[in-house]
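Down below is the structure, laid out as structure tokens.
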Amino acid sequence: PGPAPEELLEIAVRVAREAAATARRMRDEAIGDVQTKSTDTDVVTAADRAVERQVVEALRARRPGDAVLGEEYGGDTTAAPGAVRWILDPIDGTVNYLYGLPQYAVSLAAEVDGEVVAGVVRNPATGDEWTATRGGGAWRDGRRLTCSGETVLGQALVGTGFGYDPRRRAHQGQVLAKMITRVRDIRRMGAAALDLCLAAEGRLDAFFEKGLNPWDHAAGGLIAAEAGMVVAGLGGAPAGPDMVVLAPPGLFPALHDLLVEVDAAGGP
Ligand code: IPD
């Protein structure tokens, strides 16, 4: 058997706290260079890179044999059977970070044989921290989390996000135009990892986004699932780049069918 999820979580929390301190300090002192990546809307700061480097070094020092996949450097896309792969977003919500909006996070998950077993999401601006281990529940400040019990779509507050591809953004705009009259309201807060944690504690009833990367949803997805949410794709597929949908079990079928109806997975 691999290392216990609790042991991996302990490392993840320690490393994420150090990383959050660096992100916060660089935000206060000097954010460094800002560059664009895939499109003009897709930004990366020197802080993203510095935090990622720090986390990779900290993980290598503690567990030299593990694989690491990070947003900025890439890294290991697979790990040997039974081995640990860490999945890291050094700063999720980089645009918020750039603008000084306090909705960004360090997200770090540990995966074994393709299954996320431990995860932490920490907001450096507020100090909020969410954690989970597979089968061990989702937690924040020593409190066990339970997702919303909402079952009525028309009363659901739904979070979502926009990828950076302009054609995908245009399609998402059309999806939201159709959705907005069918749900209580829609939120786009700008950091998927945090959206998933807010859903885990019932501050959003549900969430969906097409085009998320593993580092955006690995830790938050486990936290939401451990808080009782269904975390999946459409048509019985697992959550992945085509679609990540989260909803309480009593709401999931209705949200799923609405997403299919409004063609949320369509477009580029
Ligand atoms: C982005 C944020 C955003 C989501 C995008 C992500 P980044 O991550 O999570 O909310 O809508 O799809 O790419 O680039 O800020 O790490």
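Order determines the names: the first chain of the structure tokens is A, the second B, and so forth; residues in each chain are numbered 1 upward, and ligands are numbered 1 upward as they are shown.
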
Practice prompt. Could you please write out, as a PyMOL selection string, every residue of range 40-128 of chain A that DSSP assigns to helix (DSSP H, G or I)?
Written response: chain A and resi 46-62+94-99

Keeping C-alpha atoms, export the residues of the selection given above as a PDB file, in the first residue's frame.
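Full text of selection_38.pdb as output:
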```pdb
ATOM      1  CA  ALA A  46       6.676  35.954 -11.520  1.00  0.00           C
ATOM      2  CA  ALA A  47       4.898  34.992  -8.290  1.00  0.00           C
ATOM      3  CA  ASP A  48       3.130  32.034  -9.966  1.00  0.00           C
ATOM      4  CA  ARG A  49       6.535  30.761 -11.050  1.00  0.00           C
ATOM      5  CA  ALA A  50       8.288  31.469  -7.745  1.00  0.00           C
ATOM      6  CA  VAL A  51       5.557  29.753  -5.725  1.00  0.00           C
ATOM      7  CA  GLU A  52       5.567  26.743  -8.017  1.00  0.00           C
ATOM      8  CA  ARG A  53       9.355  26.417  -7.748  1.00  0.00           C
ATOM      9  CA  GLN A  54       9.154  26.647  -3.952  1.00  0.00           C
ATOM     10  CA  VAL A  55       6.487  23.941  -3.739  1.00  0.00           C
ATOM     11  CA  VAL A  56       8.294  21.596  -6.100  1.00  0.00           C
ATOM     12  CA  GLU A  57      11.499  21.981  -4.065  1.00  0.00           C
ATOM     13  CA  ALA A  58       9.671  21.467  -0.767  1.00  0.00           C
ATOM     14  CA  LEU A  59       7.983  18.298  -2.062  1.00  0.00           C
ATOM     15  CA  ARG A  60      11.222  16.944  -3.512  1.00  0.00           C
ATOM     16  CA  ALA A  61      13.001  17.551  -0.192  1.00  0.00           C
ATOM     17  CA  ARG A  62      10.332  15.628   1.727  1.00  0.00           C
ATOM     18  CA  THR A  94      -4.067  34.667 -11.248  1.00  0.00           C
ATOM     19  CA  VAL A  95      -6.118  37.522 -12.710  1.00  0.00           C
ATOM     20  CA  ASN A  96      -7.633  38.247  -9.285  1.00  0.00           C
ATOM     21  CA  TYR A  97      -4.136  38.077  -7.819  1.00  0.00           C
ATOM     22  CA  LEU A  98      -2.868  40.567 -10.373  1.00  0.00           C
ATOM     23  CA  TYR A  99      -5.656  43.015  -9.542  1.00  0.00           C
TER      24      TYR A  99
END
```

Counting only C-alpha atoms and all ligand atoms, which residues of chain A sit at most 6 Å from some atom of ligand 1, and what is each one's closest atom pair with its distance in Å to one decimal, listed by chain and rising residue number, as a Markdown table?
```
| residue | atom | partner | partner_atom_place_in_ligand_line | distance |
| --- | --- | --- | --- | --- |
| A:Ile91 | CA | ligand 1 | 16 (O) | 5.6 |
| A:Asp92 | CA | ligand 1 | 16 (O) | 3.5 |
| A:Gly93 | CA | ligand 1 | 15 (O) | 3.2 |
| A:Thr94 | CA | ligand 1 | 15 (O) | 3.9 |
| A:Val95 | CA | ligand 1 | 15 (O) | 5.9 |
| A:Gly161 | CA | ligand 1 | 11 (O) | 3.4 |
| A:Phe162 | CA | ligand 1 | 11 (O) | 4.0 |
| A:Gly163 | CA | ligand 1 | 12 (O) | 3.9 |
| A:Gly190 | CA | ligand 1 | 10 (O) | 3.5 |
| A:Ala191 | CA | ligand 1 | 10 (O) | 3.6 |
| A:Ala192 | CA | ligand 1 | 9 (O) | 3.7 |
| A:Leu212 | CA | ligand 1 | 12 (O) | 5.2 |
| A:Asp216 | CA | ligand 1 | 9 (O) | 5.7 |
```

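Residues with any atom within 7 Å of range 6-10 of chain A, counting only C-alpha atoms and excluding same-chain neighbours fewer than 2 positions away, are Pro3, Ala4, Ala12, Val13, Arg14, Ala110, Ala118, Gly119 and Thr133 of chain A.
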
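The nearest approach to Ala247 in chain A among the residues A:Ala193, A:Leu222, A:Ala156, A:Ala264, with only C-alpha atoms taken into account, belongs to A:Ala156.
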
Practice prompt. Do a neighbour search on Asp263 in chain A at 12 Å with only C-alpha atoms, toss out local chain neighbours closer than 6 positions, and write the hits as an NGL selection string.
Written response: :A and (171-179 or 210 or 234 or 242-243 or 256-257)

Kindly export the residues of the current selection with C-alpha atoms, as a compact mmCIF listing (two decimals), in the first residue's frame.
```txt
# COMPACT_ATOMS: atom_id res chain seq x y z
CA HIS A 171 -19.86 29.87 -26.34
CA GLN A 172 -19.95 30.08 -22.56
CA GLY A 173 -21.62 33.49 -22.89
CA GLN A 174 -24.41 31.89 -24.91
CA VAL A 175 -24.75 29.07 -22.38
CA LEU A 176 -25.11 31.54 -19.52
CA ALA A 177 -27.67 33.61 -21.43
CA LYS A 178 -29.88 30.51 -21.59
CA MET A 179 -29.16 29.45 -18.03
CA LYS A 210 -15.75 23.28 -19.35
CA LEU A 234 -21.78 14.77 -18.41
CA ASP A 242 -14.72 18.28 -21.22
CA MET A 243 -16.74 19.23 -18.15
CA HIS A 256 -26.97 17.79 -15.68
CA ASP A 257 -30.01 17.87 -17.97
```

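Each of A:Val245, A:Met189, A:Ala218, A:Ile223 was compared to Leu258 in chain A using only C-alpha atoms, and A:Val245 turns out to be the nearest.
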
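For the residues A:Pro214, A:Pro249, A:Gly154, A:Gly65, ranking by smallest atom-to-atom distance to Ile87 in chain A using only C-alpha atoms places A:Pro214 first.
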
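Ranking A:Ala79, A:Leu88, A:Ala227, A:Leu259 by their shortest atom-to-atom distance to Arg143 in chain A, with only C-alpha atoms included, puts A:Ala227 first.
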
Practice prompt. Could you find all residues in range 20-267 of chain A that DSSP calls strand (DSSP E) from the backbone, and write them as number ranges by chain?
Written response: A: 34-36, 43-45, 67-70, 74-75, 84-92, 105-112, 115-122, 129-133, 137-140, 143-144, 157-160, 185-187, 206-209, 230-232, 244-247

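A straight line drawn from CA of Gly228 in chain A to CA of Ala138 in chain A is 9.0 Å long.
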
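Take CA of Val116 in chain A and CA of Pro102 in chain A: the distance between them is 26.8 Å.
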